[in-house]
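Visitor: This is the content of coords00.txt (compact mmCIF, C-alpha atoms):
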# COMPACT_ATOMS: atom_id res chain seq x y z
CA MET A 1 23.34 -15.90 -22.11
CA ALA A 2 21.03 -13.42 -23.78
CA TYR A 3 18.08 -11.87 -22.01
CA LYS A 4 14.91 -9.99 -22.75
CA TYR A 5 13.36 -7.41 -20.44
CA CYS A 6 9.71 -6.77 -19.72
CA VAL A 7 7.43 -5.10 -17.21
CA LYS A 8 4.39 -6.72 -15.66
CA GLU A 9 2.98 -6.79 -12.14
CA ASN A 10 3.11 -10.26 -10.59
CA TRP A 11 -0.55 -11.28 -10.24
CA GLY A 12 0.26 -14.20 -7.95
CA LYS A 13 -0.54 -17.88 -8.47
CA ASP A 14 0.63 -19.20 -11.84
CA PHE A 15 2.26 -15.93 -12.84
CA PHE A 16 5.26 -18.20 -13.32
CA THR A 17 5.05 -21.96 -12.86
CA HIS A 18 7.57 -24.59 -11.81
CA GLU A 19 7.73 -25.90 -15.37
CA GLU A 20 8.44 -22.42 -16.71
CA ARG A 21 11.20 -21.93 -14.13
CA THR A 22 12.97 -25.02 -15.51
CA ARG A 23 12.84 -23.75 -19.08
CA PHE A 24 14.27 -20.25 -18.95
CA HIS A 25 16.08 -17.81 -16.70
CA LEU A 26 13.77 -15.49 -14.74
CA GLU A 27 14.52 -12.68 -12.29
CA GLY A 28 12.16 -10.15 -10.74
CA HIS A 29 13.36 -6.64 -9.92
CA PRO A 30 11.90 -3.42 -8.49
CA GLY A 31 9.36 -1.71 -10.69
CA ASN A 32 7.90 -5.03 -11.82
CA VAL A 33 10.85 -5.50 -14.15
CA TRP A 34 11.47 -9.09 -15.23
CA ILE A 35 14.65 -10.38 -16.84
CA VAL A 36 13.76 -13.30 -19.04
CA GLY A 37 15.98 -15.85 -20.73
CA ASP A 38 15.97 -15.23 -24.47
CA ASN A 39 14.56 -18.48 -25.83
CA ASN A 40 11.22 -19.63 -27.21
CA HIS A 41 10.00 -20.60 -23.73
CA GLY A 42 10.86 -17.15 -22.38
CA ASP A 43 9.06 -15.57 -25.32
CA ALA A 44 6.00 -17.72 -24.61
CA TRP A 45 6.02 -16.60 -20.97
CA ILE A 46 6.23 -12.91 -21.88
CA SER A 47 3.28 -13.47 -24.19
CA LYS A 48 1.36 -15.36 -21.48
CA ILE A 49 1.70 -12.53 -18.97
CA SER A 50 1.23 -9.80 -21.61
CA GLY A 51 4.52 -8.27 -20.53
CA THR A 52 5.56 -4.91 -21.91
CA ILE A 53 8.91 -5.33 -23.62
CA LYS A 54 11.68 -2.93 -22.61
CA THR A 55 15.24 -2.46 -23.70
CA LYS A 56 17.91 -3.19 -21.13
CA SER A 57 18.55 0.52 -20.60
CA GLU A 58 14.83 1.19 -20.16
CA ALA A 59 14.59 -1.65 -17.65
CA GLN A 60 17.65 -0.38 -15.80
CA ALA A 61 16.14 3.11 -15.61
CA ILE A 62 12.94 1.73 -14.07
CA VAL A 63 14.85 -0.28 -11.45
CA THR A 64 17.12 2.64 -10.60
CA GLY A 65 14.18 5.03 -10.36
CA VAL A 66 12.36 2.83 -7.85
CA ILE A 67 15.49 2.42 -5.76
CA GLU A 68 16.22 6.15 -5.80
CA THR A 69 12.68 6.79 -4.59
CA ALA A 70 13.23 4.24 -1.81
CA GLN A 71 16.50 5.96 -0.92
CA GLY A 72 14.62 9.23 -0.50
CA VAL A 73 12.04 7.56 1.74
CA TRP A 74 14.87 6.05 3.80
CA ASP A 75 16.66 9.41 4.09
CA ASP A 76 13.49 11.16 5.24
CA ASP A 77 12.54 8.52 7.82
CA ASP A 78 14.36 9.87 10.86
CA VAL A 79 13.60 9.50 14.55
CA ASP A 80 14.89 12.14 16.97
CA GLY A 81 17.96 10.96 18.86
CA GLU A 82 18.38 7.84 16.79
CA SER A 83 21.93 6.90 15.78
CA SER A 84 22.69 5.78 12.26
CA ALA A 85 23.24 2.24 13.55
CA GLU A 86 19.85 2.30 15.25
CA LYS A 87 18.26 3.55 12.05
CA ILE A 88 19.75 0.65 10.13
CA THR A 89 18.47 -1.74 12.78
CA ARG A 90 14.99 -0.23 12.48
CA LEU A 91 14.79 0.11 8.70
CA GLY A 92 17.49 -2.08 7.30
CA ALA A 93 20.40 -0.73 5.29
CA LYS A 94 19.80 2.17 2.91
CA PRO A 95 18.83 0.80 -0.49
CA THR A 96 21.57 0.87 -3.05
CA THR A 97 21.31 1.02 -6.80
CA TYR A 98 22.73 -1.82 -8.82
CA ASN A 99 23.17 -2.91 -12.40
CA ILE A 100 20.87 -5.55 -13.82
CA ILE A 101 22.30 -8.30 -15.99
CA MET B 1 1.68 -53.74 -8.08
CA ALA B 2 2.78 -52.06 -11.27
CA THR B 3 4.75 -54.17 -13.76
CA TYR B 4 7.31 -53.11 -16.31
CA LYS B 5 4.79 -53.78 -19.05
CA SER B 6 2.10 -51.69 -17.44
CA THR B 7 4.35 -48.77 -16.53
CA LYS B 8 6.73 -48.67 -19.49
CA GLY B 9 4.67 -50.55 -22.05
CA PHE B 10 5.71 -52.30 -25.22
CA THR B 11 4.20 -49.51 -27.28
CA VAL B 12 3.97 -45.82 -26.53
CA GLN B 13 1.20 -45.36 -24.01
CA VAL B 14 -1.61 -42.87 -24.41
CA LEU B 15 -2.43 -40.96 -21.22
CA ALA B 16 -4.84 -38.14 -20.52
CA ASP B 17 -2.85 -36.91 -17.49
CA ASP B 18 0.85 -36.74 -16.70
CA PRO B 19 2.02 -39.42 -14.23
CA THR B 20 3.30 -38.27 -10.85
CA VAL B 21 4.81 -41.36 -9.25
CA GLU B 22 8.47 -42.26 -9.05
CA ASP B 23 8.16 -45.71 -10.63
CA THR B 24 7.21 -44.16 -13.97
CA VAL B 25 10.74 -42.76 -14.54
CA GLY B 26 11.74 -43.58 -18.11
CA LEU B 27 8.18 -43.74 -19.38
CA LEU B 28 7.56 -42.23 -22.82
CA TYR B 29 3.90 -41.49 -23.57
CA PHE B 30 1.49 -39.38 -25.59
CA ASN B 31 -0.54 -36.90 -23.55
CA THR B 32 -3.94 -36.58 -25.20
CA THR B 33 -4.84 -33.47 -23.23
CA ASP B 34 -1.80 -31.48 -24.37
CA ASN B 35 -1.38 -33.42 -27.67
CA GLU B 36 2.32 -33.82 -26.97
CA PHE B 37 4.78 -36.67 -26.57
CA LYS B 38 6.29 -36.56 -23.11
CA TYR B 39 8.71 -38.55 -20.97
CA VAL B 40 9.40 -38.91 -17.27
CA ARG B 41 12.76 -38.01 -15.72
CA PRO B 42 13.90 -38.50 -12.13
CA GLY B 43 13.00 -35.66 -9.77
CA GLY B 44 14.83 -34.74 -6.59
CA VAL B 45 16.22 -31.55 -5.15
CA ALA B 46 18.18 -30.62 -8.28
CA ALA B 47 14.85 -30.46 -10.13
CA ALA B 48 13.14 -28.33 -7.49
CA THR B 49 12.08 -24.79 -8.37
CA TRP B 50 10.15 -21.80 -7.05
CA SER B 51 6.91 -20.75 -8.72
CA SER B 52 4.66 -17.79 -7.98
CA GLY B 53 2.08 -18.24 -5.25
CA GLY B 54 -0.99 -16.20 -4.40
CA ALA B 55 -0.38 -12.55 -3.53
CA LEU B 56 -0.96 -11.31 0.02
CA ASN B 57 -3.79 -8.80 0.44
CA VAL B 58 -1.48 -6.54 2.43
CA ALA B 59 2.18 -6.13 1.53
CA VAL B 60 4.24 -6.93 4.59
CA ALA B 61 7.81 -7.43 5.78
CA ASN B 62 9.18 -8.80 9.04
CA SER B 63 6.02 -10.78 9.67
CA GLY B 64 5.73 -14.22 11.22
CA GLY B 65 4.60 -17.32 9.41
CA ALA B 66 3.37 -20.83 10.14
CA GLY B 67 1.73 -23.78 8.45
CA THR B 68 2.25 -25.51 5.16
CA GLN B 69 2.37 -24.56 1.50
CA THR B 70 -1.35 -25.24 1.11
CA ALA B 71 -2.47 -24.09 4.55
CA ALA B 72 -0.26 -21.25 5.74
CA LEU B 73 -0.54 -18.27 8.05
CA ASN B 74 1.12 -14.87 7.87
CA PHE B 75 0.77 -12.42 10.75
CA GLY B 76 2.14 -9.16 12.08
CA GLY B 77 4.89 -7.22 10.34
CA VAL B 78 6.16 -3.67 9.95
CA PRO B 79 5.04 -1.34 11.48
CA ASN B 80 3.85 -3.55 14.35
CA VAL B 81 0.58 -4.43 12.63
CA THR B 82 -2.02 -6.88 13.95
CA THR B 83 -2.93 -8.09 10.48
CA SER B 84 -3.24 -11.85 9.92
CA GLU B 85 -3.91 -13.75 6.70
CA SER B 86 -4.44 -17.41 5.87
CA TYR B 87 -3.52 -19.21 2.62
CA ASN B 88 -5.24 -22.16 0.98
CA GLY B 89 -2.60 -22.88 -1.65
CA THR B 90 -4.14 -20.45 -4.10
CA SER B 91 -5.19 -17.24 -2.39
CA TRP B 92 -4.82 -15.34 0.88
CA THR B 93 -7.77 -14.35 3.07
CA GLU B 94 -7.70 -11.94 5.98
CA THR B 95 -8.38 -13.62 9.33
CA ASN B 96 -8.99 -12.34 12.83
CA ASP B 97 -6.16 -10.06 13.95
CA LEU B 98 -3.39 -10.65 16.44
CA ASN B 99 -4.12 -9.11 19.84
CA THR B 100 -0.72 -7.41 19.99
CA GLY B 101 0.61 -5.63 16.93
CA ARG B 102 4.13 -6.83 16.31
CA SER B 103 6.86 -7.04 13.71
CA GLU B 104 10.01 -9.15 13.79
CA VAL B 105 7.86 -11.96 15.19
CA ALA B 106 8.37 -15.68 14.52
CA GLY B 107 5.81 -18.42 14.10
CA SER B 108 5.54 -22.19 13.95
CA GLY B 109 2.93 -24.94 13.89
CA LEU B 110 -0.06 -25.58 11.69
CA GLN B 111 -2.64 -23.19 10.30
CA THR B 112 -5.06 -24.52 12.92
CA ALA B 113 -2.52 -24.78 15.75
CA ALA B 114 0.08 -22.04 15.41
CA ILE B 115 2.15 -20.05 17.84
CA ALA B 116 3.56 -16.52 17.47
CA ALA B 117 6.43 -15.41 19.68
CA GLY B 118 8.48 -12.27 20.13
CA GLY B 119 8.44 -8.96 18.36
CA LEU B 120 10.01 -5.53 18.05
CA GLY B 121 10.22 -3.91 21.47
CA SER B 122 11.32 -7.21 23.05
CA ILE B 123 7.76 -8.44 23.27
CA ALA B 124 7.42 -11.34 25.71
CA ALA B 125 3.74 -12.07 25.06
CA THR B 126 3.05 -15.04 22.82
CA GLU B 127 -0.18 -15.78 20.97
CA GLU B 128 -1.84 -18.99 19.85
CA TYR B 129 -4.03 -19.47 16.76
CA ASP B 130 -6.63 -22.24 16.64
CA GLY B 131 -7.73 -21.73 13.05
CA THR B 132 -10.17 -18.99 13.97
CA SER B 133 -8.72 -16.52 16.43
CA TRP B 134 -5.57 -15.49 18.24
CA THR B 135 -5.53 -15.82 22.02
CA ALA B 136 -2.87 -15.12 24.64
CA GLY B 137 -0.29 -17.80 25.36
CA GLY B 138 2.31 -17.84 28.11
CA ALA B 139 4.84 -15.01 28.26
CA LEU B 140 8.45 -15.68 27.30
CA GLY B 141 10.83 -15.35 30.22
CA THR B 142 13.04 -13.19 28.02
CA GLY B 143 11.15 -10.92 25.66
CA ARG B 144 12.88 -10.56 22.33
CA ARG B 145 12.58 -9.62 18.70
CA ARG B 146 13.65 -11.74 15.73
CA PRO B 147 13.75 -15.12 17.50
CA GLY B 148 13.74 -18.57 15.99
CA ILE B 149 10.99 -21.00 16.88
CA ALA B 150 10.06 -24.62 16.24
CA GLY B 151 7.10 -26.73 17.32
CA ASN B 152 3.48 -25.81 17.81
CA LEU B 153 1.12 -24.29 20.36
CA SER B 154 1.34 -27.27 22.71
CA ALA B 155 5.09 -27.94 22.55
CA ALA B 156 7.61 -25.45 21.17
CA ILE B 157 11.10 -24.08 21.58
CA ALA B 158 12.02 -20.43 21.02
CA PHE B 159 15.66 -19.51 20.65
CA ALA B 160 18.06 -16.70 19.78
CA GLY B 161 16.75 -13.18 19.07
CA ASN B 162 17.66 -9.77 20.38
CA ASN B 163 16.53 -7.84 23.46
CA GLY B 164 19.16 -5.15 23.18
CA SER B 165 21.80 -7.86 23.11
CA TYR B 166 22.14 -10.81 20.78
CA LEU B 167 20.80 -13.84 22.62
CA THR B 168 21.89 -17.43 23.17
CA ASN B 169 18.83 -17.89 25.34
CA ALA B 170 16.35 -20.68 24.52
CA GLU B 171 13.01 -21.47 26.13
CA ASN B 172 10.68 -24.48 26.02
CA TYR B 173 6.89 -24.11 25.85
CA ASP B 174 4.49 -26.72 27.22
CA GLY B 175 1.28 -25.14 25.98
CA SER B 176 0.93 -22.77 28.88
CA SER B 177 4.29 -21.52 30.12
CA TRP B 178 7.88 -21.06 28.97
CA THR B 179 10.87 -22.38 30.90
CA ASP B 180 14.55 -21.83 30.29
CA ALA B 181 16.29 -24.40 28.12
CA PRO B 182 20.02 -24.91 27.51
CA THR B 183 21.53 -22.03 25.56
CA LEU B 184 22.80 -21.86 22.01
CA ASN B 185 26.55 -21.78 21.46
CA THR B 186 26.45 -18.64 19.29
CA ALA B 187 24.35 -15.58 20.13
CA ARG B 188 22.38 -14.28 17.16
CA SER B 189 19.03 -13.01 15.86
CA GLY B 190 17.12 -13.14 12.59
CA VAL B 191 17.79 -16.87 12.36
CA GLY B 192 16.12 -19.55 10.28
CA SER B 193 14.12 -22.23 12.07
CA ALA B 194 13.11 -25.81 11.44
CA GLY B 195 11.86 -28.78 13.40
CA ILE B 196 9.80 -29.49 16.49
CA SER B 197 10.19 -28.80 20.20
CA THR B 198 12.56 -31.73 20.74
CA ALA B 199 14.49 -31.68 17.43
CA ALA B 200 15.15 -28.28 15.89
CA LEU B 201 17.60 -26.27 13.79
CA CYS B 202 18.85 -22.72 14.43
CA ILE B 203 20.10 -21.57 11.04
CA SER B 204 22.55 -18.74 10.27
CA GLY B 205 21.38 -15.23 11.35
CA GLN B 206 22.83 -11.89 12.43
CA THR B 207 25.64 -11.92 15.03
CA PRO B 208 26.49 -9.17 13.65
CA PRO B 209 27.34 -9.18 10.83
CA THR B 210 26.05 -12.64 9.88
CA THR B 211 27.09 -16.20 10.58
CA VAL B 212 27.09 -19.40 8.54
CA ASN B 213 26.79 -21.38 11.77
CA VAL B 214 23.95 -23.87 12.24
CA GLU B 215 23.05 -25.55 15.53
CA GLU B 216 20.87 -28.60 16.12
CA TRP B 217 18.69 -29.06 19.23
CA ASN B 218 18.09 -32.67 20.31
CA GLY B 219 15.80 -31.95 23.21
CA SER B 220 18.58 -31.50 25.72
CA SER B 221 21.42 -29.51 24.12
CA TRP B 222 22.54 -27.54 21.08
CA THR B 223 25.30 -28.96 18.87
CA GLU B 224 27.05 -27.31 15.97
CA ILE B 225 26.47 -29.07 12.66
CA ASN B 226 27.51 -28.31 9.09
CA ASN B 227 27.29 -24.64 8.12
CA VAL B 228 25.16 -23.08 5.44
CA ASN B 229 27.12 -21.96 2.38
CA ARG B 230 25.99 -18.32 2.55
CA SER B 231 25.39 -16.53 5.83
CA ARG B 232 22.38 -14.26 5.96
CA ASP B 233 19.98 -12.39 8.16
CA ALA B 234 16.18 -12.41 8.00
CA GLY B 235 15.80 -15.29 5.58
CA GLY B 236 12.89 -17.69 5.33
CA SER B 237 12.98 -21.27 6.52
CA GLY B 238 11.09 -24.46 7.17
CA GLY B 239 11.39 -28.19 7.56
CA THR B 240 12.80 -30.65 10.06
CA VAL B 241 16.22 -31.72 11.32
CA SER B 242 16.22 -34.30 8.51
CA THR B 243 15.34 -32.02 5.58
CA ALA B 244 15.15 -28.24 5.73
CA LEU B 245 15.06 -25.22 3.46
CA PHE B 246 16.67 -21.79 4.03
CA PHE B 247 16.10 -19.03 1.49
CA GLY B 248 16.30 -15.31 0.82
CA GLY B 249 17.68 -13.02 3.50
CA GLU B 250 20.33 -10.33 3.51
CA PRO B 251 22.69 -10.62 1.71
CA SER B 252 22.19 -13.35 -0.93
CA GLY B 253 18.50 -12.50 -1.14
CA GLU B 254 17.58 -14.88 -3.94
CA ASN B 255 19.64 -17.84 -2.78
CA THR B 256 18.10 -21.13 -1.62
CA GLU B 257 19.84 -23.82 0.41
CA TYR B 258 18.57 -27.35 1.04
CA PHE B 259 19.58 -29.45 4.05
CA ASP B 260 19.58 -33.23 3.58
CA GLY B 261 20.15 -34.07 7.25
CA THR B 262 23.92 -33.75 6.91
CA SER B 263 24.93 -30.84 4.73
CA TRP B 264 23.58 -27.77 2.95
CA SER B 265 23.61 -27.36 -0.83
CA GLU B 266 22.71 -24.38 -3.00
CA GLN B 267 19.65 -24.91 -5.15
CA ALA B 268 17.40 -22.96 -7.53
CA ASN B 269 16.99 -19.29 -6.65
CA LEU B 270 13.86 -17.40 -5.77
CA ALA B 271 12.60 -15.37 -8.73
CA THR B 272 12.49 -12.22 -6.61
CA ASP B 273 15.39 -11.40 -4.31
CA ARG B 274 14.08 -10.51 -0.83
CA TYR B 275 14.78 -10.36 2.91
CA GLN B 276 12.68 -9.81 6.05
CA ILE B 277 10.60 -12.77 4.85
CA ALA B 278 7.86 -14.21 7.08
CA LYS B 279 9.86 -15.69 9.91
CA GLY B 280 9.67 -19.04 11.62
CA ASN B 281 9.22 -22.66 10.64
CA VAL B 282 7.01 -22.34 7.57
CA GLY B 283 6.40 -25.08 5.02
CA THR B 284 8.75 -28.00 4.49
CA ALA B 285 11.91 -28.74 2.54
CA GLU B 286 9.79 -30.55 -0.06
CA LEU B 287 6.91 -28.06 -0.22
CA GLY B 288 8.21 -24.68 0.90
CA ILE B 289 6.66 -21.25 0.91
CA CYS B 290 8.29 -17.81 0.89
CA ILE B 291 5.91 -15.10 2.12
CA GLY B 292 6.26 -11.35 1.56
CA GLY B 293 9.40 -9.55 2.66
CA THR B 294 11.34 -6.58 1.42
CA GLY B 295 12.55 -6.50 -2.15
CA PRO B 296 15.99 -5.42 -3.33
CA ALA B 297 14.95 -1.78 -3.23
CA GLY B 298 14.35 -2.18 0.52
CA PRO B 299 13.11 -0.93 2.89
CA ASN B 300 10.50 -0.07 0.27
CA PRO B 301 8.75 -1.53 -1.56
CA VAL B 302 7.49 -4.28 0.66
CA LEU B 303 6.23 -7.27 -1.26
CA THR B 304 2.85 -8.97 -1.53
CA ALA B 305 4.42 -11.68 -3.66
CA THR B 306 4.80 -15.22 -2.40
CA GLU B 307 6.70 -18.08 -3.99
CA GLU B 308 6.21 -21.83 -3.66
CA TRP B 309 8.99 -24.42 -3.66
CA VAL B 310 8.29 -27.91 -4.93
CA LEU B 311 10.76 -30.78 -4.79
CA PRO B 312 9.27 -33.20 -7.32
CA ASP B 313 9.45 -37.00 -7.31
CA VAL B 314 9.55 -36.94 -11.10
CA VAL B 315 9.91 -34.34 -13.83
CA ILE B 316 7.76 -34.41 -16.96
CA LYS B 317 9.56 -33.27 -20.09
CA THR B 318 7.98 -32.61 -23.46
CA VAL B 319 9.57 -34.11 -26.54
CA SER B 320 10.32 -31.22 -28.87
CA ASP B 321 11.78 -30.91 -32.33
CA SER B 322 14.19 -28.13 -31.34
If you took the structure in this file and wrote it as structure tokens, what would it be?
Guide:
Amino acid sequence: MAYKYCVKENWGKDFFTHEERTRFHLEGHPGNVWIVGDNNHGDAWISKISGTIKTKSEAQAIVTGVIETAQGVWDDDDVDGESSAEKITRLGAKPTTYNII
Amino acid sequence: MATYKSTKGFTVQVLADDPTVEDTVGLLYFNTTDNEFKYVRPGGVAAATWSSGGALNVAVANSGGAGTQTAALNFGGVPNVTTSESYNGTSWTETNDLNTGRSEVAGSGLQTAAIAAGGLGSIAATEEYDGTSWTAGGALGTGRRRPGIAGNLSAAIAFAGNNGSYLTNAENYDGSSWTDAPTLNTARSGVGSAGISTAALCISGQTPPTTVNVEEWNGSSWTEINNVNRSRDAGGSGGTVSTALFFGGEPSGENTEYFDGTSWSEQANLATDRYQIAKGNVGTAELGICIGGTGPAGPNPVLTATEEWVLPDVVIKTVSDS
């Protein structure tokens, strides 16, 4: 399956509808990156939201950048005397980078 | 009563609005509002999807939730905030605050009759919301964070959670005080919840690591029933013992499972993968709502985004030339 990539902040209600979800693949990722099924319905949705088209590598760089920032925040958020297990309990696991489809 | 002629017609019908009722399945018609030929297909869980809902005013994770898709509540969250918001199906409005700031809290009930229990720091104090303000309820016998809960402010059951240990403990609420109830079979926290005080589900959760186990409460004991397909911690949930929804969580943060009263099946994913979703019995299996949480870059950024699940009776398809 082919995809397109765009960036747009989710404005809430009707940003994507039930009908749209049945017509094309859609995934949201950090940095307001959206992976959109490459068909005419996906194109219409990108147009509807005025999404900014990105290449896959540009989209990946945005996602990775946000996660790396979150990793830094996680690393810096220490409490004296706290074990690593306790830190994970408090904050959740350290964010990890991943590859988008 | 509708007849074949009136619902299906002998010629293509002309309608201004799409039909919504199940007995129109098979109908082909021309929609004069959209200027398109359309037809009606059967709905059901396989046709259910998530759409975007209104955005929270304050991004939050590990909050509690209650209510329905069109009348929901979201309260508390990291870092032990008192913030509370109400939803009308379109937008979120800030309400009066909780009295005790808390995260890892769970909620149940209606927007006008909700209960909040537990919280980080093994909070025992519960709070009740009457549609206007939060007031103190009875204190849990065992304070805990990340419990499950089902019911409302006059009759509820809280179960599981963590107070330094993973808990099997369950407690019944009668509107004023909590009393010990029979224990779960598997200790856990961060569970999904569904049901009422006398018929509830305790779904998956952290043991650690995580369990696929689901237990059903019948008012007197907990019984193991069919497992979820993917174990997870800190997912969202809602429904009854007859139909329930379990979604998001860690891992498998975009996955949705539907319970038909017997078994769990994987259904359409959330658009945005997330965990630490508003916890408790929120929405239904037919009209679900996923509130806030932490996105895949967790623990930051926390999300304002909500999503709404609809299990339709029918699906309207447009006749296209491609």
Visitor: Kindly give the distance, in Å, that separates atom CA of Thr211 of chain B and atom CA of Arg188 of chain B, rounded to a single decimal.
Guide: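 Straight-line distance from atom CA of Thr211 of chain B to atom CA of Arg188 of chain B works out to 8.3 Å.
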Visitor: Using only C-alpha atoms for the distances, tell me which of B:Ala139, B:Ala55, B:Ala125, B:Ala199 is nearest to Phe15 of chain A.
Guide: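 Counting only C-alpha atoms, the residue closest to Phe15 of chain A is B:Ala55.
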Visitor: Show me, as a ChimeraX atom specification, every residue of chain A with an atom at most 8 Å from chain B, counting only C-alpha atoms.
Guide: /A:10-18,21-22,26-30,66-67,70,73-74,91-97
Visitor: Might you pull out every residue within 8 Å of Gly109 of chain B, with all atoms listed in the file counted and same-chain residues fewer than 3 positions away left off, and present them as a list in words?
Guide: Ala66, Gly67, Ala113, Ala114, Ile115, Ala150, Gly151, Asn152, Leu153, Asn281 and Val282 of chain B
Visitor: Pick from A:Glu20, A:Gly72, A:Tyr5, A:Ser47: nearest to Val33 of chain A, with all atoms listed in the file counted?
Guide: A:Tyr5
Visitor: Near Ala59 of chain A, counting only C-alpha atoms, which residues have an atom at most 9 Å away, once you skip same-chain residues fewer than 6 positions from it, shown as a list of chain:residue names?
Guide: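 Once the nearby chain positions are removed, what remains is A:Tyr5, A:Cys6, A:Val7, A:Gly31, A:Val33, A:Trp34, A:Ile35, A:Ile100.
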Visitor: Name the residues, using the chain letters and numbers of the file, that sit within 12 Å of (-3.3, -33.3, -26.8) when counting all atoms listed in the file, and give them as a list in words.
Guide: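 So the residues meeting the distance criterion are Val14, Leu15, Ala16, Asp17, Asp18, Tyr29, Phe30, Asn31, Thr32, Thr33, Asp34, Asn35, Glu36, Phe37, Lys38 and Thr318 of chain B.
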Visitor: So which residues touch Thr70 of chain B within 9 Å, counting only C-alpha atoms, skipping near sequence neighbours fewer than 2 positions away, as a VMD selection string?
Guide: chain B and resid 67 to 68 72 87 to 90 283 287 289
Visitor: Trp222 of chain B: which residues within 12 Å, counting only C-alpha atoms, same-chain residues fewer than 5 positions away excluded, as a ChimeraX atom specification?
Guide: /B:157,159-160,168-170,181-186,198-203,213-217
Visitor: Just the selected residues (C-alpha atoms), exported as a compact mmCIF listing (two decimals), in the frame of the given file, please.
Guide:
# COMPACT_ATOMS: atom_id res chain seq x y z
CA ILE B 157 11.10 -24.08 21.58
CA PHE B 159 15.66 -19.51 20.65
CA ALA B 160 18.06 -16.70 19.78
CA THR B 168 21.89 -17.43 23.17
CA ASN B 169 18.83 -17.89 25.34
CA ALA B 170 16.35 -20.68 24.52
CA ALA B 181 16.29 -24.40 28.12
CA PRO B 182 20.02 -24.91 27.51
CA THR B 183 21.53 -22.03 25.56
CA LEU B 184 22.80 -21.86 22.01
CA ASN B 185 26.55 -21.78 21.46
CA THR B 186 26.45 -18.64 19.29
CA THR B 198 12.56 -31.73 20.74
CA ALA B 199 14.49 -31.68 17.43
CA ALA B 200 15.15 -28.28 15.89
CA LEU B 201 17.60 -26.27 13.79
CA CYS B 202 18.85 -22.72 14.43
CA ILE B 203 20.10 -21.57 11.04
CA ASN B 213 26.79 -21.38 11.77
CA VAL B 214 23.95 -23.87 12.24
CA GLU B 215 23.05 -25.55 15.53
CA GLU B 216 20.87 -28.60 16.12
CA TRP B 217 18.69 -29.06 19.23
Visitor: If I take atom CA of Leu98 of chain B and atom CA of Ser84 of chain B, how far is one from the other in Å, to one decimal?
Guide: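 Result for atom CA of Leu98 of chain B versus atom CA of Ser84 of chain B: 6.6 Å, one decimal.
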